[in-house]
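Colleague: Below is the file my_file-v2.txt, with compact mmCIF, C-alpha atoms.
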# COMPACT_ATOMS: atom_id res chain seq x y z
CA MET A 190 51.86 -102.82 -10.92
CA SER A 191 54.40 -104.77 -12.87
CA THR A 192 54.09 -107.61 -10.37
CA THR A 193 50.53 -108.32 -11.52
CA VAL A 194 51.52 -109.03 -15.11
CA VAL A 195 51.12 -112.69 -15.82
CA ASN A 196 53.20 -114.32 -18.45
CA THR A 197 51.26 -117.09 -20.17
CA GLY A 198 53.93 -118.23 -22.52
CA THR A 199 51.63 -117.90 -25.48
CA GLU A 200 52.66 -114.43 -26.63
CA GLY A 201 53.22 -114.17 -30.32
CA LYS A 202 51.33 -117.36 -31.07
CA THR A 203 48.23 -117.26 -33.28
CA TRP A 204 45.72 -117.97 -30.53
CA GLY A 205 47.70 -116.21 -27.80
CA GLY A 206 45.40 -113.21 -27.75
CA GLY A 207 45.77 -109.71 -29.05
CA ASN A 208 45.55 -111.12 -32.52
CA LYS A 209 43.13 -110.35 -35.32
CA PRO A 210 42.56 -113.73 -36.97
CA LEU A 211 40.56 -112.20 -39.82
CA ASN A 212 42.74 -109.11 -40.07
CA ALA A 213 39.71 -107.00 -39.27
CA SER A 214 39.05 -105.15 -36.04
CA TYR A 215 36.31 -106.34 -33.71
CA GLY A 216 33.96 -103.47 -34.62
CA LYS A 217 34.31 -103.95 -38.34
CA MET A 218 33.79 -107.68 -38.15
CA MET A 219 30.68 -107.27 -36.01
CA MET A 220 29.36 -104.74 -38.52
CA TRP A 221 29.82 -107.37 -41.22
CA PHE A 222 27.97 -109.97 -39.18
CA PHE A 223 25.16 -107.50 -38.49
CA ILE A 224 24.96 -106.84 -42.22
CA VAL A 225 24.65 -110.56 -42.93
CA SER A 226 21.76 -110.89 -40.50
CA ASP A 227 20.06 -107.75 -41.84
CA ALA A 228 20.52 -109.03 -45.39
CA LEU A 229 18.70 -112.19 -44.39
CA THR A 230 15.84 -110.13 -42.95
CA PHE A 231 15.48 -108.22 -46.18
CA SER A 232 15.68 -111.36 -48.28
CA GLY A 233 12.95 -112.82 -46.08
CA PHE A 234 10.72 -109.89 -47.03
CA LEU A 235 11.60 -109.99 -50.71
CA ALA A 236 11.15 -113.76 -50.86
CA ALA A 237 7.73 -113.37 -49.19
CA TYR A 238 6.92 -110.81 -51.89
CA GLY A 239 7.98 -113.39 -54.48
CA PHE A 240 5.75 -115.97 -52.81
CA SER A 241 2.69 -113.74 -53.03
CA ARG A 242 3.52 -112.78 -56.56
CA PHE A 243 3.86 -116.39 -57.69
CA LYS A 244 0.60 -117.11 -55.92
CA PHE A 245 -1.15 -114.48 -58.07
CA ILE A 246 1.18 -114.68 -61.04
CA ASP A 247 -1.63 -114.14 -63.57
CA SER A 248 -3.12 -111.07 -61.91
CA TRP A 249 -0.27 -109.15 -60.26
CA PRO A 250 -0.12 -105.37 -60.95
CA ILE A 251 2.37 -104.27 -63.62
CA ALA A 252 4.84 -101.90 -61.96
CA ASP A 253 5.26 -99.74 -65.09
CA GLU A 254 1.60 -98.81 -64.88
CA VAL A 255 1.71 -98.07 -61.16
CA PHE A 256 4.74 -95.80 -60.83
CA THR A 257 4.33 -93.41 -63.72
CA HIS A 258 4.73 -90.04 -62.05
CA PHE A 259 7.54 -87.54 -61.88
CA PRO A 260 7.49 -84.46 -59.63
CA PHE A 261 6.37 -81.27 -61.39
CA LEU A 262 5.45 -83.18 -64.54
CA HIS A 263 1.72 -83.66 -64.40
CA GLY A 264 -0.04 -85.89 -66.87
CA VAL A 265 3.26 -87.07 -68.34
CA ASP A 266 3.67 -90.81 -68.51
CA ALA A 267 7.13 -91.36 -67.00
CA PRO A 268 7.45 -94.97 -65.91
CA MET A 269 10.37 -95.60 -63.57
CA TYR A 270 12.30 -92.40 -64.33
CA TYR A 271 11.89 -91.15 -60.80
CA VAL A 272 12.91 -94.44 -59.21
CA ALA A 273 15.95 -94.54 -61.48
CA PHE A 274 16.80 -91.05 -60.25
CA MET A 275 16.42 -92.22 -56.63
CA THR A 276 18.71 -95.18 -57.33
CA PHE A 277 21.28 -92.86 -58.79
CA VAL A 278 21.08 -90.52 -55.77
CA LEU A 279 21.69 -93.44 -53.44
CA ILE A 280 24.63 -94.79 -55.47
CA MET A 281 26.06 -91.28 -55.61
CA SER A 282 25.83 -90.90 -51.83
CA SER A 283 27.53 -94.29 -51.54
CA VAL A 284 30.38 -92.86 -53.61
CA THR A 285 30.77 -89.79 -51.40
CA MET A 286 30.74 -92.13 -48.40
CA VAL A 287 33.55 -94.28 -49.78
CA LEU A 288 35.47 -91.10 -50.64
CA ALA A 289 35.06 -90.02 -47.00
CA VAL A 290 36.45 -93.37 -45.89
CA ASP A 291 39.37 -92.96 -48.27
CA ALA A 292 40.08 -89.43 -46.98
CA GLY A 293 39.92 -90.88 -43.46
CA HIS A 294 42.71 -93.28 -44.34
CA HIS A 295 44.83 -90.26 -45.24
CA LEU A 296 43.78 -88.53 -41.98
CA ASN A 297 42.44 -85.64 -44.03
CA LYS A 298 39.85 -84.09 -41.71
CA GLY A 299 38.65 -81.41 -44.15
CA LYS A 300 37.85 -83.84 -46.93
CA VAL A 301 36.14 -86.31 -44.57
CA THR A 302 33.90 -83.48 -43.36
CA ILE A 303 32.89 -82.42 -46.87
CA TYR A 304 32.20 -85.94 -48.10
CA MET A 305 30.25 -86.90 -44.97
CA PHE A 306 28.15 -83.78 -45.46
CA LEU A 307 27.41 -84.67 -49.09
CA THR A 308 26.49 -88.22 -48.03
CA ILE A 309 23.97 -86.88 -45.52
CA ILE A 310 22.45 -84.60 -48.16
CA GLY A 311 22.13 -87.55 -50.56
CA GLY A 312 20.41 -89.61 -47.87
CA LEU A 313 17.96 -86.81 -47.15
CA ILE A 314 17.11 -86.40 -50.84
CA PHE A 315 16.43 -90.12 -51.03
CA VAL A 316 14.18 -90.20 -47.96
CA GLY A 317 12.30 -87.16 -49.27
CA SER A 318 11.84 -88.81 -52.65
CA GLN A 319 10.48 -91.89 -51.01
CA ALA A 320 7.99 -89.80 -49.06
CA TRP A 321 6.84 -88.27 -52.33
CA GLU A 322 6.59 -91.70 -53.91
CA TRP A 323 4.45 -92.96 -51.03
CA ASN A 324 2.23 -89.91 -51.20
CA THR A 325 1.60 -90.39 -54.92
CA PHE A 326 0.93 -94.08 -54.42
CA ILE A 327 -1.51 -93.51 -51.53
CA LYS A 328 -3.44 -90.79 -53.33
CA GLY A 329 -3.76 -92.84 -56.49
CA ASP A 330 -4.71 -91.46 -59.85
CA TYR A 331 -7.46 -93.19 -61.82
CA GLY A 332 -9.57 -94.94 -59.20
CA ALA A 333 -11.21 -98.32 -59.67
CA ILE A 334 -14.12 -100.52 -58.66
CA GLN A 335 -13.61 -103.45 -56.34
CA THR A 336 -15.81 -106.52 -56.81
CA LYS A 337 -17.39 -108.74 -54.21
CA GLY A 338 -14.50 -111.17 -54.60
CA GLY A 339 -11.95 -108.42 -53.96
CA ASN A 340 -10.83 -108.09 -57.59
CA ILE A 341 -10.10 -104.69 -59.08
CA LEU A 342 -11.85 -103.40 -62.20
CA GLN A 343 -10.12 -100.48 -63.91
CA PHE A 344 -11.39 -98.38 -66.79
CA VAL A 345 -9.88 -97.82 -70.22
CA ASP A 346 -11.10 -96.12 -73.37
CA THR A 347 -11.35 -97.96 -76.69
CA ASP A 348 -7.71 -97.12 -77.49
CA GLY A 349 -6.57 -98.84 -74.30
CA HIS A 350 -5.65 -95.65 -72.41
CA ARG A 351 -6.59 -95.47 -68.75
CA VAL A 352 -9.61 -93.38 -67.84
CA ALA A 353 -10.04 -91.84 -64.39
CA LEU A 354 -13.33 -92.10 -62.52
CA ARG A 355 -13.56 -88.31 -62.35
CA ASP A 356 -13.65 -88.18 -66.16
CA PHE A 357 -16.87 -90.10 -66.57
CA ALA A 358 -18.66 -90.73 -63.27
CA VAL A 359 -21.81 -88.66 -62.90
CA ALA A 360 -21.87 -87.12 -59.45
CA GLU A 361 -25.31 -86.92 -57.89
CA GLU A 362 -26.44 -85.42 -54.69
CA THR A 363 -25.86 -88.03 -52.02
CA TYR A 364 -27.34 -88.39 -48.61
CA ARG A 365 -24.75 -90.76 -47.23
CA ALA A 366 -22.75 -89.01 -44.51
CA GLU A 367 -19.48 -90.25 -43.13
CA HIS A 368 -20.03 -92.10 -39.89
CA GLY A 369 -17.98 -90.44 -37.16
CA ARG A 370 -17.41 -91.01 -33.48
CA LYS A 371 -19.92 -88.33 -32.54
CA ASP A 372 -22.75 -90.26 -34.21
CA GLY A 373 -22.67 -93.33 -32.04
CA LEU A 374 -20.25 -95.35 -30.01
CA TRP A 375 -17.08 -93.36 -29.42
CA PHE A 376 -14.84 -96.11 -30.77
CA VAL A 377 -16.79 -96.69 -33.98
CA GLN A 378 -15.99 -94.62 -37.03
CA GLU A 379 -15.22 -95.16 -40.69
CA GLY A 380 -12.61 -93.89 -43.08
CA THR A 381 -13.05 -91.21 -45.72
CA LEU A 382 -15.82 -92.06 -48.17
CA PRO A 383 -14.82 -92.29 -51.84
CA THR A 384 -15.74 -89.35 -54.07
CA TYR A 385 -18.27 -91.40 -56.02
CA THR A 386 -20.64 -94.23 -55.25
CA VAL A 387 -20.77 -97.42 -57.28
CA ASP A 388 -24.09 -96.37 -58.79
CA GLU A 389 -22.67 -93.07 -59.95
CA VAL A 390 -19.81 -94.87 -61.63
CA ILE A 391 -22.20 -97.32 -63.34
CA ASN A 392 -24.44 -94.46 -64.51
CA GLY A 393 -21.45 -92.64 -65.88
CA PHE A 394 -20.26 -95.81 -67.54
CA GLU A 395 -23.60 -96.25 -69.28
CA ALA A 396 -23.53 -92.66 -70.47
CA HIS A 397 -20.10 -93.01 -72.12
CA ASP A 398 -19.94 -95.49 -75.00
CA ASN A 399 -16.17 -95.49 -75.37
CA ILE A 400 -15.26 -96.83 -71.93
CA LEU A 401 -14.47 -100.46 -71.19
CA VAL A 402 -13.56 -102.42 -68.08
CA ARG A 403 -10.08 -103.83 -67.66
CA THR A 404 -9.67 -106.76 -65.27
CA GLN A 405 -6.60 -107.85 -63.31
CA ILE A 406 -5.99 -110.95 -65.40
CA ILE A 407 -2.83 -110.82 -67.49
CA ASP A 408 -3.15 -112.38 -70.96
CA ASP A 409 -0.50 -114.21 -72.96
CA ALA A 410 0.94 -110.99 -74.36
CA GLY A 411 1.59 -109.69 -70.83
CA LYS A 412 -1.24 -107.16 -70.98
CA LYS A 413 -4.27 -106.85 -68.72
CA THR A 414 -7.52 -108.23 -70.19
CA VAL A 415 -10.00 -105.67 -71.55
CA LEU A 416 -13.63 -106.79 -71.61
CA SER A 417 -16.24 -106.00 -74.22
CA ARG A 418 -18.86 -103.35 -73.54
CA GLY A 419 -21.58 -105.88 -72.66
CA GLU A 420 -19.37 -107.98 -70.40
CA SER A 421 -18.08 -104.84 -68.71
CA LEU A 422 -21.52 -103.61 -67.79
CA LYS A 423 -22.66 -107.02 -66.64
CA LEU A 424 -19.63 -107.45 -64.38
CA LEU A 425 -19.97 -103.94 -62.94
CA LYS A 426 -23.65 -104.37 -62.15
CA GLU A 427 -23.41 -107.88 -60.75
CA ASN A 428 -20.19 -107.72 -58.80
CA GLY A 429 -19.17 -104.08 -58.30
CA ARG A 430 -19.22 -103.35 -54.61
CA THR A 431 -16.95 -100.46 -53.62
CA VAL A 432 -15.15 -97.57 -55.23
CA VAL A 433 -11.42 -97.58 -54.52
CA GLU A 434 -9.27 -94.50 -54.84
CA GLY A 435 -5.57 -94.81 -54.12
CA ALA A 436 -4.06 -97.47 -51.93
CA ASN A 437 -3.83 -98.40 -48.29
CA LEU A 438 -3.31 -101.61 -46.35
CA HIS A 439 -6.84 -102.87 -47.11
CA VAL A 440 -7.56 -101.89 -50.68
CA ASN A 441 -5.48 -100.89 -53.65
CA GLU A 442 -6.69 -99.39 -56.90
CA TYR A 443 -3.74 -100.85 -58.81
CA GLY A 444 -4.66 -104.49 -58.20
CA SER A 445 -4.03 -107.00 -55.46
CA PRO A 446 -3.99 -105.41 -51.97
CA LEU A 447 -0.93 -107.54 -51.22
CA PHE A 448 1.04 -105.45 -53.69
CA ALA A 449 0.36 -102.32 -51.63
CA ASP A 450 1.05 -104.15 -48.36
CA PHE A 451 4.45 -105.30 -49.55
CA PHE A 452 5.22 -101.95 -51.11
CA PHE A 453 4.58 -100.16 -47.82
CA PHE A 454 6.34 -102.78 -45.76
CA ILE A 455 9.51 -103.30 -47.78
CA THR A 456 10.14 -99.74 -48.99
CA GLY A 457 9.11 -98.56 -45.53
CA PHE A 458 11.58 -100.83 -43.80
CA HIS A 459 14.27 -99.78 -46.24
CA GLY A 460 13.36 -96.10 -45.79
CA PHE A 461 13.67 -96.61 -42.05
CA HIS A 462 17.17 -97.97 -42.62
CA VAL A 463 18.08 -94.95 -44.73
CA PHE A 464 16.66 -92.66 -42.07
CA SER A 465 18.61 -94.29 -39.24
CA GLY A 466 21.67 -94.29 -41.51
CA VAL A 467 21.30 -90.53 -41.94
CA ILE A 468 21.03 -90.08 -38.16
CA ILE A 469 24.16 -92.19 -37.54
CA ASN A 470 25.96 -90.30 -40.31
CA ILE A 471 25.07 -86.99 -38.65
CA ILE A 472 26.46 -88.19 -35.32
CA ILE A 473 29.70 -89.31 -36.98
CA PHE A 474 29.79 -86.05 -38.96
CA PHE A 475 29.78 -84.01 -35.76
CA ASN A 476 32.40 -86.28 -34.25
CA VAL A 477 34.58 -85.60 -37.28
CA ILE A 478 34.09 -81.85 -36.92
CA LEU A 479 34.86 -81.98 -33.20
CA GLY A 480 38.09 -83.79 -34.03
CA THR A 481 37.36 -86.96 -32.07
CA TYR A 482 38.93 -89.17 -34.73
CA GLU A 483 41.68 -86.65 -35.41
CA ARG A 484 42.84 -87.11 -31.82
CA ARG A 485 42.40 -90.88 -32.10
CA LYS A 486 44.57 -90.82 -35.24
CA ASN A 487 42.08 -93.30 -36.65
CA TYR A 488 38.99 -92.82 -38.78
CA GLU A 489 37.73 -96.39 -38.51
CA MET A 490 34.37 -95.22 -37.17
CA VAL A 491 33.71 -93.57 -40.52
CA GLU A 492 34.54 -96.86 -42.19
CA LYS A 493 32.09 -98.77 -40.01
CA VAL A 494 29.18 -96.41 -40.59
CA GLY A 495 30.23 -96.47 -44.25
CA LEU A 496 29.71 -100.24 -44.34
CA TYR A 497 26.18 -99.77 -43.04
CA TRP A 498 25.48 -97.03 -45.56
CA HIS A 499 26.68 -99.12 -48.49
CA PHE A 500 24.55 -101.98 -47.27
CA VAL A 501 21.46 -99.75 -47.43
CA ASP A 502 22.41 -98.93 -51.01
CA LEU A 503 22.88 -102.62 -51.74
CA VAL A 504 19.41 -103.46 -50.47
CA TRP A 505 17.90 -100.71 -52.60
CA VAL A 506 19.48 -102.19 -55.72
CA PHE A 507 17.51 -105.38 -55.05
CA VAL A 508 14.29 -103.61 -54.07
CA PHE A 509 14.54 -101.60 -57.29
CA THR A 510 14.85 -104.75 -59.38
CA PHE A 511 12.15 -106.80 -57.72
CA PHE A 512 9.60 -104.05 -57.21
CA TYR A 513 10.01 -101.94 -60.29
CA LEU A 514 11.75 -103.91 -63.02
CA VAL A 515 10.95 -107.61 -62.89
CA MET B 149 47.86 -102.07 -42.86
CA ALA B 150 44.40 -102.34 -44.34
CA HIS B 151 44.98 -99.08 -46.11
CA GLU B 152 46.39 -100.77 -49.12
CA HIS B 153 43.79 -101.38 -51.77
CA LYS B 154 43.70 -103.72 -54.70
CA LEU B 155 43.27 -101.40 -57.62
CA GLU B 156 42.17 -103.76 -60.36
CA ILE B 157 38.64 -104.52 -61.47
CA PHE B 158 37.32 -106.89 -64.15
CA ARG B 159 39.98 -109.46 -63.18
CA GLY B 160 42.84 -107.09 -63.89
CA LEU B 161 41.49 -105.80 -67.20
CA LEU B 162 41.22 -102.31 -65.77
CA LYS B 163 43.88 -100.96 -63.43
CA PHE B 164 43.53 -97.70 -61.55
CA LYS B 165 46.30 -95.50 -60.24
CA SER B 166 44.68 -94.61 -56.94
CA ASN B 167 41.77 -95.70 -54.79
CA THR B 168 39.86 -92.49 -55.54
CA GLN B 169 40.17 -93.16 -59.25
CA LYS B 170 38.88 -96.67 -58.78
CA ILE B 171 35.83 -95.34 -56.90
CA TRP B 172 34.92 -93.05 -59.79
CA GLY B 173 35.53 -95.85 -62.26
CA VAL B 174 33.15 -98.15 -60.38
CA LEU B 175 30.57 -95.35 -60.19
CA ILE B 176 30.66 -94.96 -63.98
CA PHE B 177 30.25 -98.71 -64.40
CA LEU B 178 27.30 -98.87 -61.96
CA THR B 179 25.63 -95.91 -63.66
CA ILE B 180 25.93 -97.56 -67.06
CA VAL B 181 24.40 -100.78 -65.70
CA THR B 182 21.50 -98.84 -64.12
CA ILE B 183 20.84 -96.94 -67.34
CA VAL B 184 20.83 -100.20 -69.32
CA GLU B 185 18.30 -101.63 -66.83
CA VAL B 186 15.98 -98.64 -67.06
CA VAL B 187 16.16 -98.49 -70.87
CA LEU B 188 15.40 -102.21 -71.14
CA GLY B 189 12.58 -101.80 -68.62
CA ILE B 190 10.96 -99.04 -70.66
CA LEU B 191 11.52 -100.47 -74.14
CA LYS B 192 10.85 -104.12 -73.24
CA PRO B 193 12.31 -105.47 -76.50
CA GLU B 194 10.15 -108.16 -78.06
CA ILE B 195 13.09 -110.57 -78.51
CA LEU B 196 13.68 -110.72 -74.75
CA MET B 197 10.10 -111.58 -73.84
CA GLY B 198 10.49 -115.30 -74.53
CA GLN B 199 10.45 -117.77 -71.66
CA VAL B 200 13.80 -119.01 -70.39
CA LEU B 201 13.86 -121.40 -67.40
CA GLY B 202 10.36 -120.49 -66.29
CA MET B 203 10.82 -116.72 -66.50
CA LYS B 204 11.01 -114.06 -69.19
CA ALA B 205 14.54 -113.67 -70.55
CA LEU B 206 14.32 -109.95 -69.72
CA ASN B 207 13.72 -110.71 -66.05
CA TRP B 208 16.79 -112.95 -65.98
CA ILE B 209 18.83 -110.09 -67.46
CA PHE B 210 17.55 -107.75 -64.74
CA ILE B 211 18.43 -110.20 -61.99
CA ILE B 212 21.91 -110.88 -63.38
CA LEU B 213 22.62 -107.15 -63.76
CA THR B 214 21.45 -106.61 -60.18
CA ILE B 215 23.84 -109.24 -58.90
CA VAL B 216 26.64 -107.62 -60.93
CA LYS B 217 25.85 -104.28 -59.28
CA ALA B 218 25.69 -105.89 -55.84
CA TYR B 219 29.11 -107.48 -56.47
CA TYR B 220 30.79 -104.18 -57.26
CA ILE B 221 29.12 -102.34 -54.38
CA THR B 222 30.29 -105.01 -51.93
CA TRP B 223 33.71 -105.58 -53.42
CA ASP B 224 34.78 -102.00 -54.11
CA PHE B 225 32.64 -99.71 -51.96
CA MET B 226 32.60 -101.95 -48.93
CA HIS B 227 36.21 -103.01 -49.62
CA MET B 228 35.43 -106.73 -49.57
CA ARG B 229 38.18 -107.08 -52.18
CA ASP B 230 40.76 -106.09 -49.56
CA GLU B 231 39.55 -108.39 -46.79
CA LEU B 232 40.97 -111.81 -46.06
CA LYS B 233 39.52 -114.71 -48.01
CA SER B 234 38.21 -116.28 -44.78
CA LEU B 235 36.17 -113.22 -43.79
CA ARG B 236 34.90 -112.84 -47.34
CA ARG B 237 33.67 -116.41 -47.52
CA MET B 238 32.14 -116.29 -44.06
CA VAL B 239 30.01 -113.31 -44.98
CA VAL B 240 29.23 -113.98 -48.63
CA TRP B 241 28.65 -117.72 -48.80
CA THR B 242 26.54 -117.84 -45.63
CA ALA B 243 24.21 -115.20 -46.98
CA ILE B 244 24.07 -116.66 -50.50
CA PHE B 245 23.38 -120.19 -49.32
CA LEU B 246 20.56 -119.20 -46.93
CA ILE B 247 18.99 -116.79 -49.40
CA LEU B 248 18.94 -119.31 -52.26
CA TYR B 249 17.38 -121.89 -49.97
CA LEU B 250 14.66 -119.48 -48.83
CA ILE B 251 13.90 -118.29 -52.35
CA PHE B 252 13.62 -121.82 -53.67
CA ILE B 253 11.20 -122.90 -50.95
CA LEU B 254 8.96 -119.85 -51.04
CA LEU B 255 8.72 -119.58 -54.83
CA GLN B 256 8.04 -123.30 -55.15
CA GLU B 257 5.29 -123.02 -52.58
CA GLY B 258 3.84 -119.88 -54.22
CA GLY B 259 3.64 -121.68 -57.56
CA TYR B 260 1.90 -124.59 -55.88
CA VAL B 261 -0.73 -122.32 -54.27
CA PHE B 262 -1.32 -120.74 -57.68
CA ASP B 263 -2.03 -124.17 -59.16
CA VAL B 264 -4.42 -124.99 -56.34
CA TYR B 265 -6.35 -121.78 -56.99
CA LYS B 266 -6.36 -122.46 -60.72
CA ASP B 267 -7.25 -126.14 -60.88
CA GLY B 268 -8.58 -126.91 -57.45
CA PHE B 269 -12.18 -125.71 -57.67
CA VAL B 270 -11.43 -122.51 -55.82
CA LYS B 271 -13.42 -119.63 -57.31
CA ARG B 272 -11.67 -116.30 -57.24
CA ASP B 273 -13.16 -114.49 -60.21
CA PHE B 274 -16.33 -112.96 -58.85
Show how you would write the structure in this file as structure tokens.

Modeller:
Amino acid sequence: MSTTVVNTGTEGKTWGGGNKPLNASYGKMMMWFFIVSDALTFSGFLAAYGFSRFKFIDSWPIADEVFTHFPFLHGVDAPMYYVAFMTFVLIMSSVTMVLAVDAGHHLNKGKVTIYMFLTIIGGLIFVGSQAWEWNTFIKGDYGAIQTKGGNILQFVDTDGHRVALRDFAVAEETYRAEHGRKDGLWFVQEGTLPTYTVDEVINGFEAHDNILVRTQIIDDAGKKTVLSRGESLKLLKENGRTVVEGANLHVNEYGSPLFADFFFFITGFHGFHVFSGVIINIIIFFNVILGTYERRKNYEMVEKVGLYWHFVDLVWVFVFTFFYLV
Amino acid sequence: MAHEHKLEIFRGLLKFKSNTQKIWGVLIFLTIVTIVEVVLGILKPEILMGQVLGMKALNWIFIILTIVKAYYITWDFMHMRDELKSLRRMVVWTAIFLILYLIFILLQEGGYVFDVYKDGFVKRDF
């Protein structure tokens, strides 16, 4: 076979081949370039969120008032604590990942295994937390009335505390049944009907003197505008059209439907990244256990999947800021 | 080999003895920054609510702290600090340039649409 070796005369020169111009292996460099392109995708989404927010800058929902729940603590106002916990979980799993990479450099199979395992657990806790967060967001809490123009009217008492529809709406016997497929054309049906009708809410509103309507418009102090009793009733009667409970892609009890759309889309896309990261981590984890990299005398695969995992953490840092803080 | 790490952060102010130690050090720093963000987000101090360059001062603080966090995640967790300058610039400056461009255009346009809604005889409040 030695006769087939061709000598090009360029051996040892920079562009002679077999060189790593950037001192990084092919796989690692490609992972970096993938990360750049994925970062641009995410910034596209976040910038689109910024666009919509600037478009409705005077009526955008205030995140502190939307995400106020903590698991097992009912009725406690806990703005952002849970998201902060999720952020910490993700940073922590980033740390175990980088520790696994470091152990890989020392060819320490035992430590790599343990740290990879902890990273996977962290990822699972995060995905689970996000599922809980979605569930809370979709179910909603207080309920609201949507006007003909698509604006959201929420209810507060005279002290400015939020009031839920269930606390004042007077339920009457209704004859409106949900329209299902069995009642007509097989492809025509409607979603779940809200618990109350608009009339029931208005009746309940009239029966309780201490309730006012809060509109979406943000005043100079950064608070949502609260209307007087007379204005509230007038607006409800003239414009109130549907009762909204929770959020989906069409309506959103917290304010602009776009807020819910972007919430689902961006955190969903990020959650999908975390999920696929967990899957890839599991594959690498088993490879570590089987000794694939031990035999290769090289744990670079752990490093590459580590880059991806840190990137997911990096994106979350930005999502956290732009969705929950700013 | 790429196994050698630069063990200084804060421009050499803080030196660590081993890579593992540096990782824990960066974790502590990131945790402190996150706690500061959450505390500021809950308290919303009145002094920071003034407008600076078209945004609340508090929001600028959040954005700057986020970029600080992103820097340390990339530089120390993703080991960007140990890569060659050429690779670093290829990845970082490309992304930063394109992202700034996109943000500028979209936010400018969003503000314009807001003005059209506000002053342009478009009725939204019904």

Colleague: Using all atoms listed in the file, which residues sit within 10 Å of range 232-247 of chain B once same-chain residues fewer than 5 positions away are excluded, as a PyMOL selection string?

Modeller: (chain A and resi 210-213+218+221-233+236) or (chain B and resi 222-223+252)

Colleague: Could you save the residues just selected, with C-alpha atoms, as a PDB file, in the frame of the given file?

Modeller:
ATOM      1  CA  PRO A 210      42.560-113.730 -36.970  1.00  0.00           C
ATOM      2  CA  LEU A 211      40.560-112.200 -39.820  1.00  0.00           C
ATOM      3  CA  ASN A 212      42.740-109.110 -40.070  1.00  0.00           C
ATOM      4  CA  ALA A 213      39.710-107.000 -39.270  1.00  0.00           C
ATOM      5  CA  MET A 218      33.790-107.680 -38.150  1.00  0.00           C
ATOM      6  CA  TRP A 221      29.820-107.370 -41.220  1.00  0.00           C
ATOM      7  CA  PHE A 222      27.970-109.970 -39.180  1.00  0.00           C
ATOM      8  CA  PHE A 223      25.160-107.500 -38.490  1.00  0.00           C
ATOM      9  CA  ILE A 224      24.960-106.840 -42.220  1.00  0.00           C
ATOM     10  CA  VAL A 225      24.650-110.560 -42.930  1.00  0.00           C
ATOM     11  CA  SER A 226      21.760-110.890 -40.500  1.00  0.00           C
ATOM     12  CA  ASP A 227      20.060-107.750 -41.840  1.00  0.00           C
ATOM     13  CA  ALA A 228      20.520-109.030 -45.390  1.00  0.00           C
ATOM     14  CA  LEU A 229      18.700-112.190 -44.390  1.00  0.00           C
ATOM     15  CA  THR A 230      15.840-110.130 -42.950  1.00  0.00           C
ATOM     16  CA  PHE A 231      15.480-108.220 -46.180  1.00  0.00           C
ATOM     17  CA  SER A 232      15.680-111.360 -48.280  1.00  0.00           C
ATOM     18  CA  GLY A 233      12.950-112.820 -46.080  1.00  0.00           C
ATOM     19  CA  ALA A 236      11.150-113.760 -50.860  1.00  0.00           C
TER      20      ALA A 236
ATOM     21  CA  THR B 222      30.290-105.010 -51.930  1.00  0.00           C
ATOM     22  CA  TRP B 223      33.710-105.580 -53.420  1.00  0.00           C
ATOM     23  CA  PHE B 252      13.620-121.820 -53.670  1.00  0.00           C
TER      24      PHE B 252
END

Colleague: Suppose you want the space between CA of Gly258 in chain B and CA of Gln199 in chain B; what is it in Å?

Modeller: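 Atom-to-atom, CA of Gly258 in chain B to CA of Gln199 in chain B, that is 18.8 Å.
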
Colleague: Which residue out of B:Val216, B:Tyr249, B:Ala205, B:Val186 has the minimum interatomic distance to chain A when all atoms listed in the file are used?

Modeller: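 Selected residue with least distance to chain A: B:Val186.
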
Colleague: Nearest to chain A among B:Ile195, B:Leu162, B:Leu255, B:Leu248, with distances taken over only C-alpha atoms: which residue is it?

Modeller: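 With only C-alpha atoms as the atom set, the closest residue is B:Leu255.
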
Colleague: Select, from A:Arg242, A:Lys217, A:His350, A:Lys209, the residue with the minimum atom-to-atom distance to chain B, counting only C-alpha atoms.

Modeller: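 Closest candidate: A:Arg242.
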
Colleague: Give the answer as one residue: which of A:Glu254, A:Asp291, A:Asp398, A:Glu489 has the shortest atom-to-atom distance to Gln169 in chain B, using all atoms listed in the file?

Modeller: A:Asp291

Colleague: Just want the 12 Å neighbourhood of Ala218 in chain B, counted on all atoms listed in the file, with same-chain residues fewer than 3 positions away dropped. Output as a PyMOL selection string.

Modeller: (chain A and resi 280+499-508+510) or (chain B and resi 174+178+181-182+211-215+221-226+228+240)

Colleague: Can you work out the spacing between CA of Asn470 in chain A and CA of Arg229 in chain B in Å, to one decimal?

Modeller: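 Calculated distance between CA of Asn470 in chain A and CA of Arg229 in chain B is 23.9 Å.
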
Colleague: Could you state the separation of CA of Thr363 in chain A and CA of Thr386 in chain A in Å, given to one decimal place?

Modeller: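 About the pair CA of Thr363 in chain A and CA of Thr386 in chain A: they are 8.7 Å apart.
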
Colleague: Quick one: of B:Lys217, B:Leu201, B:Arg159, B:Tyr265, who's nearest to Thr179 in chain B, counting all atoms listed in the file?

Modeller: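 Of B:Lys217, B:Leu201, B:Arg159, B:Tyr265, the one nearest Thr179 in chain B, counting all atoms listed in the file, is B:Lys217.
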
Colleague: Can you pull out every residue within 10 Å of Ala289 in chain A, counting all atoms listed in the file, but drop anything in the same chain fewer than 4 positions away, and send it as an MDAnalysis selection string?

Modeller: chainID A and resid 283:285 293:295 297:308 488 491:492 495

Colleague: Considering all atoms listed in the file, can you say which of A:Ile407, A:Leu401, A:Val316, A:Val477 comes closest to Phe464 in chain A?

Modeller: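 Looking at the shortest contact to Phe464 in chain A, the residue is A:Val316.
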
Colleague: Would you list the contacts of Thr347 in chain A as a PyMOL selection string, taking every protein, DNA or RNA residue within 7 Å and counting only C-alpha atoms, but skipping same-chain residues closer than 2 positions in sequence?

Modeller: chain A and resi 345+349+399-401
